[in-house]
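S.K.: My questions all concern the structure below.
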Amino acid sequence: MSNRRQPLRPQPGDSIRLADYDPDDTGDYRDKDDALEDLERNRARLGELQEVLYAEHKHALLIILQAMDAGGKDGTIRHVMRGVNPQGVQVTPFKVPTTEELDHDFLWRIHQHTPPLGMIGLFNRSHYEDVLVVRVEELVPRKVWEARYDHINAFERLLAGSGVTIVKFFLHISKAEQKKRFEERLSQPSKHWKFARGDLKVREKWDQYMAAYEDAITRCNTPWAPWYIVPADKKWYRNLVISNVLVETLEKLDMGYPEPEPGLETIVIPD
Ligand code: ADP
């Protein structure tokens, strides 16, 4: 896939301005139908790669999804992971921390859910909330959240050094697209459950959230745990981009099935 107008993966050290990234970009694709074949191919390939990941048992993949409300985290999980054996994927949503979680360091609850070798771990929200909502809503003093970027980089480096390949996606939607999706949720009874009044309070602070995302992406975009800024106004393009990155990332691991036991070719299964 080529993305003409903007880098999908900013270079480590780049200072990110989200205004430079068009959420409505669709790269070289005209429309959904144009992308369908590539998406289907990626889904099938992802299924194969996950099986080798599991069989080889030398690597794990950690996928981190972050977005504003209605940014498409749930839809991404549903669509992109469709071809993957559910036994090979652990999805963990991170909600408002419990009192027990708050009584520990902010990475305590996260570390327990990092994927073991052979598995794909998918975080629906993550430790990045601790420098996003926590920063914007001033849930801890500045000095506390400021220190977290370094902690996150060190934590992700530890994981990377332990066989966990990390990919982090910011699903970038426009404020106008969020409005449209909220309106859909309000107008369709089957989507009412997805609407929370509190989401409107967060929307009011859109610019502060964008600033917090810019800092999180700028400061934690490391060679061992890259951020991808995914144009996400078009759901089909978002799915395509993410599936592309996942396939490319897993292919680079150069995995193989383990050596079979010697002498398998001589085995005859008795009647
Ligand atoms: P989602 O929006 O992910 O589908 P919810 O509607 O239950 O799920 O929202 C989860 C909420 O938990 C979000 O408002 C998010 O900001 C909040 N949250 C997650 N992690 C933290 C954290 N570390 N501190 C405070 N709030 C958090």
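The way I read the labels, and the way they are meant: chains A, B, ... in the order of the structure tokens, residue 1 as the first residue of every chain, and ligand 1 as the first ligand shown, with later ones counted on from there.
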Please find the residues contacting ligand 1 at a distance of at most 7 Å between atoms, with only C-alpha atoms and all ligand atoms counted, and report them as a list of chain:residue names.

M.R.: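 What falls inside 7 Å of ligand 1 is A:Asp69, A:Pro93, A:Phe94, A:Lys95, A:Val96, A:Pro97, A:Asn124, A:Arg125, A:Ser126, A:His127, A:Glu129, A:Asp130, A:Val133, A:Val134.
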
S.K.: Tell me, which residues of segment 68-229 of chain A carry DSSP alpha helix (DSSP H), written as a PyMOL selection string?

M.R.: chain A and resi 73-80+99-102+108-111+133-136+142-146+148-161+175-187+198-204+206-219

S.K.: Which residue is closest to Ile16 of chain A? Choose from A:Ala225, A:Ala216, A:Leu46, A:Val136 and count only C-alpha atoms.

M.R.: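 When distances to Ile16 of chain A are compared using only C-alpha atoms, the smallest one comes from A:Ala216.
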
S.K.: Atom CA of Trp224 of chain A and atom CA of His79 of chain A are how many Å apart?

M.R.: 26.2 Å

S.K.: Quick one: everything within 9 Å of segment 173-189 of chain A, counting only C-alpha atoms, minus sequence neighbours fewer than 2 positions away in the same chain. Send it as a VMD selection string.

M.R.: chain A and resid 22 to 24 67 to 72 171 191 to 195 203 206 230 to 234

S.K.: Atom CA of His172 of chain A and atom CA of Ala147 of chain A are how many Å apart?

M.R.: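 Calculated distance between atom CA of His172 of chain A and atom CA of Ala147 of chain A is 25.4 Å.
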
S.K.: For Gly83 of chain A, please output as a ChimeraX atom specification all residues within 7 Å (counting only C-alpha atoms; exclusion window: fewer than 3 positions along the same chain).

M.R.: /A:43-44,46-47

S.K.: Give me the residues within 8 Å of Ala212 of chain A as a list of chain:residue names, counting only C-alpha atoms and dropping any in the same chain fewer than 3 places off.

M.R.: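 Answer for this query is A:Val131, A:Leu132, A:Arg135, A:Val136, A:Gln208, A:Tyr209, A:Asp215, A:Ala216.
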
S.K.: Mind checking DSSP for segment 13-259 of chain A and telling me the strand (DSSP E or B) residues as a PyMOL selection string?

M.R.: chain A and resi 60-67+89-93+120-124+164-172+222+225+227-231

S.K.: For Met81 of chain A, which of A:Leu240, A:Arg9, A:Tyr149, A:Asp33 is the closest residue, counting only C-alpha atoms?

M.R.: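 Nearest to Met81 of chain A: A:Leu240.
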
S.K.: Name all residues at most 10 Å from segment 157-170 of chain A (count only C-alpha atoms; drop same-chain ones fewer than 3 positions away) and give them as a PDB file with N, CA and C atoms, in the first residue's frame.

M.R.:
```
ATOM      1  N   LEU A   8       2.424   7.330   7.318  1.00  0.00           N
ATOM      2  CA  LEU A   8       1.584   6.568   8.228  1.00  0.00           C
ATOM      3  C   LEU A   8       2.352   6.345   9.526  1.00  0.00           C
ATOM      4  N   ARG A   9       3.656   6.200   9.341  1.00  0.00           N
ATOM      5  CA  ARG A   9       4.502   5.929  10.486  1.00  0.00           C
ATOM      6  C   ARG A   9       5.519   7.058  10.612  1.00  0.00           C
ATOM      7  N   HIS A  57       6.197 -20.129  18.505  1.00  0.00           N
ATOM      8  CA  HIS A  57       6.297 -19.828  19.937  1.00  0.00           C
ATOM      9  C   HIS A  57       7.569 -19.048  20.306  1.00  0.00           C
ATOM     10  N   LYS A  58       8.017 -18.179  19.411  1.00  0.00           N
ATOM     11  CA  LYS A  58       9.220 -17.390  19.721  1.00  0.00           C
ATOM     12  C   LYS A  58       8.912 -15.907  19.876  1.00  0.00           C
ATOM     13  N   HIS A  59       7.780 -15.494  19.344  1.00  0.00           N
ATOM     14  CA  HIS A  59       7.422 -14.079  19.366  1.00  0.00           C
ATOM     15  C   HIS A  59       5.998 -13.912  19.898  1.00  0.00           C
ATOM     16  N   ALA A  60       5.733 -12.695  20.346  1.00  0.00           N
ATOM     17  CA  ALA A  60       4.347 -12.295  20.633  1.00  0.00           C
ATOM     18  C   ALA A  60       4.119 -10.980  19.905  1.00  0.00           C
ATOM     19  N   LEU A  61       2.866 -10.675  19.619  1.00  0.00           N
ATOM     20  CA  LEU A  61       2.536  -9.395  18.987  1.00  0.00           C
ATOM     21  C   LEU A  61       1.587  -8.637  19.907  1.00  0.00           C
ATOM     22  N   LEU A  62       1.933  -7.394  20.208  1.00  0.00           N
ATOM     23  CA  LEU A  62       1.045  -6.550  20.997  1.00  0.00           C
ATOM     24  C   LEU A  62       0.545  -5.397  20.133  1.00  0.00           C
ATOM     25  N   ILE A  63      -0.775  -5.347  19.959  1.00  0.00           N
ATOM     26  CA  ILE A  63      -1.404  -4.285  19.167  1.00  0.00           C
ATOM     27  C   ILE A  63      -2.108  -3.335  20.142  1.00  0.00           C
ATOM     28  N   ILE A  64      -1.767  -2.064  20.058  1.00  0.00           N
ATOM     29  CA  ILE A  64      -2.396  -1.080  20.939  1.00  0.00           C
ATOM     30  C   ILE A  64      -3.295  -0.167  20.104  1.00  0.00           C
ATOM     31  N   LEU A  65      -4.555  -0.073  20.514  1.00  0.00           N
ATOM     32  CA  LEU A  65      -5.502   0.803  19.814  1.00  0.00           C
ATOM     33  C   LEU A  65      -5.899   1.959  20.716  1.00  0.00           C
ATOM     34  N   GLN A  66      -5.681   3.160  20.221  1.00  0.00           N
ATOM     35  CA  GLN A  66      -6.119   4.365  20.933  1.00  0.00           C
ATOM     36  C   GLN A  66      -6.913   5.237  19.974  1.00  0.00           C
ATOM     37  N   ALA A  67      -7.949   5.878  20.496  1.00  0.00           N
ATOM     38  CA  ALA A  67      -8.757   6.770  19.662  1.00  0.00           C
ATOM     39  C   ALA A  67      -9.666   7.603  20.536  1.00  0.00           C
ATOM     40  N   MET A  68     -10.179   8.672  19.970  1.00  0.00           N
ATOM     41  CA  MET A  68     -11.254   9.413  20.631  1.00  0.00           C
ATOM     42  C   MET A  68     -12.511   8.532  20.588  1.00  0.00           C
ATOM     43  N   GLY A  71     -14.107   6.513  17.623  1.00  0.00           N
ATOM     44  CA  GLY A  71     -12.965   6.486  16.688  1.00  0.00           C
ATOM     45  C   GLY A  71     -12.846   5.183  15.914  1.00  0.00           C
ATOM     46  N   LYS A  73     -12.421   1.808  17.481  1.00  0.00           N
ATOM     47  CA  LYS A  73     -11.605   0.729  18.060  1.00  0.00           C
ATOM     48  C   LYS A  73     -12.335  -0.617  17.963  1.00  0.00           C
ATOM     49  N   HIS A 111       0.723  -4.691  32.696  1.00  0.00           N
ATOM     50  CA  HIS A 111       1.736  -5.735  32.510  1.00  0.00           C
ATOM     51  C   HIS A 111       1.125  -7.137  32.570  1.00  0.00           C
ATOM     52  N   THR A 114      -0.026  -8.391  29.064  1.00  0.00           N
ATOM     53  CA  THR A 114       0.825  -8.417  27.862  1.00  0.00           C
ATOM     54  C   THR A 114       0.860  -9.855  27.332  1.00  0.00           C
ATOM     55  N   PRO A 115       0.916 -10.006  26.020  1.00  0.00           N
ATOM     56  CA  PRO A 115       0.754 -11.359  25.459  1.00  0.00           C
ATOM     57  C   PRO A 115       1.982 -12.255  25.700  1.00  0.00           C
ATOM     58  N   PRO A 116       1.753 -13.514  26.024  1.00  0.00           N
ATOM     59  CA  PRO A 116       2.863 -14.468  26.114  1.00  0.00           C
ATOM     60  C   PRO A 116       3.336 -14.869  24.715  1.00  0.00           C
ATOM     61  N   LEU A 117       4.495 -15.486  24.628  1.00  0.00           N
ATOM     62  CA  LEU A 117       5.010 -15.932  23.331  1.00  0.00           C
ATOM     63  C   LEU A 117       3.966 -16.783  22.623  1.00  0.00           C
ATOM     64  N   GLY A 118       3.846 -16.581  21.329  1.00  0.00           N
ATOM     65  CA  GLY A 118       2.896 -17.367  20.542  1.00  0.00           C
ATOM     66  C   GLY A 118       1.542 -16.692  20.382  1.00  0.00           C
ATOM     67  N   MET A 119       1.331 -15.620  21.137  1.00  0.00           N
ATOM     68  CA  MET A 119      -0.009 -15.009  21.146  1.00  0.00           C
ATOM     69  C   MET A 119      -0.017 -13.583  20.582  1.00  0.00           C
ATOM     70  N   ILE A 120      -1.204 -13.188  20.138  1.00  0.00           N
ATOM     71  CA  ILE A 120      -1.443 -11.789  19.792  1.00  0.00           C
ATOM     72  C   ILE A 120      -2.234 -11.164  20.946  1.00  0.00           C
ATOM     73  N   GLY A 121      -1.735 -10.072  21.476  1.00  0.00           N
ATOM     74  CA  GLY A 121      -2.470  -9.330  22.512  1.00  0.00           C
ATOM     75  C   GLY A 121      -2.994  -8.050  21.893  1.00  0.00           C
ATOM     76  N   LEU A 122      -4.236  -7.740  22.159  1.00  0.00           N
ATOM     77  CA  LEU A 122      -4.812  -6.525  21.579  1.00  0.00           C
ATOM     78  C   LEU A 122      -5.369  -5.666  22.704  1.00  0.00           C
ATOM     79  N   PHE A 123      -4.836  -4.486  22.849  1.00  0.00           N
ATOM     80  CA  PHE A 123      -5.293  -3.572  23.906  1.00  0.00           C
ATOM     81  C   PHE A 123      -6.279  -2.560  23.328  1.00  0.00           C
ATOM     82  N   SER A 126      -5.223   1.636  26.721  1.00  0.00           N
ATOM     83  CA  SER A 126      -3.953   1.085  27.196  1.00  0.00           C
ATOM     84  C   SER A 126      -3.350   1.998  28.259  1.00  0.00           C
ATOM     85  N   HIS A 151       8.682   6.294  31.590  1.00  0.00           N
ATOM     86  CA  HIS A 151       8.318   4.969  32.124  1.00  0.00           C
ATOM     87  C   HIS A 151       7.736   4.091  31.013  1.00  0.00           C
ATOM     88  N   ILE A 152       6.901   4.690  30.183  1.00  0.00           N
ATOM     89  CA  ILE A 152       6.270   3.922  29.093  1.00  0.00           C
ATOM     90  C   ILE A 152       7.342   3.424  28.120  1.00  0.00           C
ATOM     91  N   ASN A 153       8.266   4.309  27.768  1.00  0.00           N
ATOM     92  CA  ASN A 153       9.312   3.888  26.817  1.00  0.00           C
ATOM     93  C   ASN A 153      10.155   2.748  27.389  1.00  0.00           C
ATOM     94  N   ALA A 154      10.466   2.855  28.674  1.00  0.00           N
ATOM     95  CA  ALA A 154      11.279   1.803  29.304  1.00  0.00           C
ATOM     96  C   ALA A 154      10.488   0.487  29.373  1.00  0.00           C
ATOM     97  N   ILE A 173      -9.720  10.321  13.737  1.00  0.00           N
ATOM     98  CA  ILE A 173     -10.965  10.794  13.105  1.00  0.00           C
ATOM     99  C   ILE A 173     -11.062  12.315  13.279  1.00  0.00           C
ATOM    100  N   TYR A 213      -2.496  13.781  22.661  1.00  0.00           N
ATOM    101  CA  TYR A 213      -2.113  12.725  21.700  1.00  0.00           C
ATOM    102  C   TYR A 213      -0.815  13.097  20.988  1.00  0.00           C
ATOM    103  N   ILE A 217       2.385  10.676  21.132  1.00  0.00           N
ATOM    104  CA  ILE A 217       2.938  10.072  19.917  1.00  0.00           C
ATOM    105  C   ILE A 217       4.373  10.560  19.713  1.00  0.00           C
ATOM    106  N   CYS A 220       6.699   9.004  22.594  1.00  0.00           N
ATOM    107  CA  CYS A 220       6.760   7.538  22.745  1.00  0.00           C
ATOM    108  C   CYS A 220       6.785   6.831  21.393  1.00  0.00           C
ATOM    109  N   ASN A 221       7.246   7.511  20.373  1.00  0.00           N
ATOM    110  CA  ASN A 221       7.359   6.878  19.051  1.00  0.00           C
ATOM    111  C   ASN A 221       8.794   6.366  18.902  1.00  0.00           C
ATOM    112  N   THR A 222       9.028   5.193  19.448  1.00  0.00           N
ATOM    113  CA  THR A 222      10.391   4.669  19.525  1.00  0.00           C
ATOM    114  C   THR A 222      10.619   3.626  18.430  1.00  0.00           C
ATOM    115  N   PRO A 223      11.876   3.336  18.120  1.00  0.00           N
ATOM    116  CA  PRO A 223      12.123   2.296  17.117  1.00  0.00           C
ATOM    117  C   PRO A 223      11.564   0.942  17.561  1.00  0.00           C
ATOM    118  N   TRP A 224      11.504   0.706  18.878  1.00  0.00           N
ATOM    119  CA  TRP A 224      11.036  -0.601  19.346  1.00  0.00           C
ATOM    120  C   TRP A 224       9.521  -0.642  19.572  1.00  0.00           C
ATOM    121  N   ALA A 225       8.862   0.484  19.475  1.00  0.00           N
ATOM    122  CA  ALA A 225       7.397   0.488  19.667  1.00  0.00           C
ATOM    123  C   ALA A 225       6.791   1.646  18.879  1.00  0.00           C
ATOM    124  N   PRO A 226       6.720   1.501  17.550  1.00  0.00           N
ATOM    125  CA  PRO A 226       6.301   2.626  16.707  1.00  0.00           C
ATOM    126  C   PRO A 226       4.809   2.948  16.818  1.00  0.00           C
ATOM    127  N   TRP A 227       4.516   4.223  16.629  1.00  0.00           N
ATOM    128  CA  TRP A 227       3.131   4.684  16.482  1.00  0.00           C
ATOM    129  C   TRP A 227       2.791   4.770  15.000  1.00  0.00           C
ATOM    130  N   TYR A 228       1.571   4.439  14.684  1.00  0.00           N
ATOM    131  CA  TYR A 228       1.029   4.668  13.343  1.00  0.00           C
ATOM    132  C   TYR A 228      -0.169   5.602  13.485  1.00  0.00           C
ATOM    133  N   ILE A 229      -0.229   6.607  12.639  1.00  0.00           N
ATOM    134  CA  ILE A 229      -1.375   7.530  12.655  1.00  0.00           C
ATOM    135  C   ILE A 229      -2.278   7.134  11.487  1.00  0.00           C
ATOM    136  N   VAL A 230      -3.409   6.542  11.824  1.00  0.00           N
ATOM    137  CA  VAL A 230      -4.251   5.910  10.808  1.00  0.00           C
ATOM    138  C   VAL A 230      -5.409   6.834  10.428  1.00  0.00           C
ATOM    139  N   PRO A 231      -5.491   7.227   9.165  1.00  0.00           N
ATOM    140  CA  PRO A 231      -6.662   8.015   8.745  1.00  0.00           C
ATOM    141  C   PRO A 231      -7.909   7.152   8.956  1.00  0.00           C
ATOM    142  N   ALA A 232      -8.849   7.617   9.790  1.00  0.00           N
ATOM    143  CA  ALA A 232      -9.909   6.703  10.227  1.00  0.00           C
ATOM    144  C   ALA A 232     -11.323   7.220   9.968  1.00  0.00           C
ATOM    145  N   ILE A 242      -4.591  -0.852   8.747  1.00  0.00           N
ATOM    146  CA  ILE A 242      -4.158  -1.605   9.926  1.00  0.00           C
ATOM    147  C   ILE A 242      -3.816  -3.045   9.535  1.00  0.00           C
ATOM    148  N   VAL A 245      -0.389  -3.097   7.971  1.00  0.00           N
ATOM    149  CA  VAL A 245       0.716  -2.960   8.937  1.00  0.00           C
ATOM    150  C   VAL A 245       0.913  -4.287   9.683  1.00  0.00           C
ATOM    151  N   LEU A 246      -0.177  -4.922  10.068  1.00  0.00           N
ATOM    152  CA  LEU A 246      -0.047  -6.170  10.830  1.00  0.00           C
ATOM    153  C   LEU A 246       0.611  -7.262   9.982  1.00  0.00           C
ATOM    154  N   THR A 249       4.296  -6.378   9.530  1.00  0.00           N
ATOM    155  CA  THR A 249       5.038  -6.540  10.793  1.00  0.00           C
ATOM    156  C   THR A 249       5.308  -8.019  11.065  1.00  0.00           C
ATOM    157  N   LEU A 250       4.306  -8.839  10.884  1.00  0.00           N
ATOM    158  CA  LEU A 250       4.493 -10.274  11.162  1.00  0.00           C
ATOM    159  C   LEU A 250       5.406 -10.911  10.118  1.00  0.00           C
ATOM    160  N   LEU A 253       9.077 -10.718  10.841  1.00  0.00           N
ATOM    161  CA  LEU A 253       9.623 -11.574  11.913  1.00  0.00           C
ATOM    162  C   LEU A 253      10.248 -12.845  11.346  1.00  0.00           C
TER     163      LEU A 253
END
```

S.K.: Give the answer as one residue: which of A:Asp105, A:Glu51, A:Glu156, A:Glu56 has the shortest atom-to-atom distance to Glu259 of chain A, using only C-alpha atoms?

M.R.: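 So, comparing all the options, the nearest one is A:Glu56.
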
S.K.: When distances are computed from only C-alpha atoms, which of A:Glu100, A:Val84, A:Arg238, A:Gly75 shows the smallest separation from Tyr29 of chain A?

M.R.: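 Nearest candidate to Tyr29 of chain A out of A:Glu100, A:Val84, A:Arg238, A:Gly75: A:Arg238.
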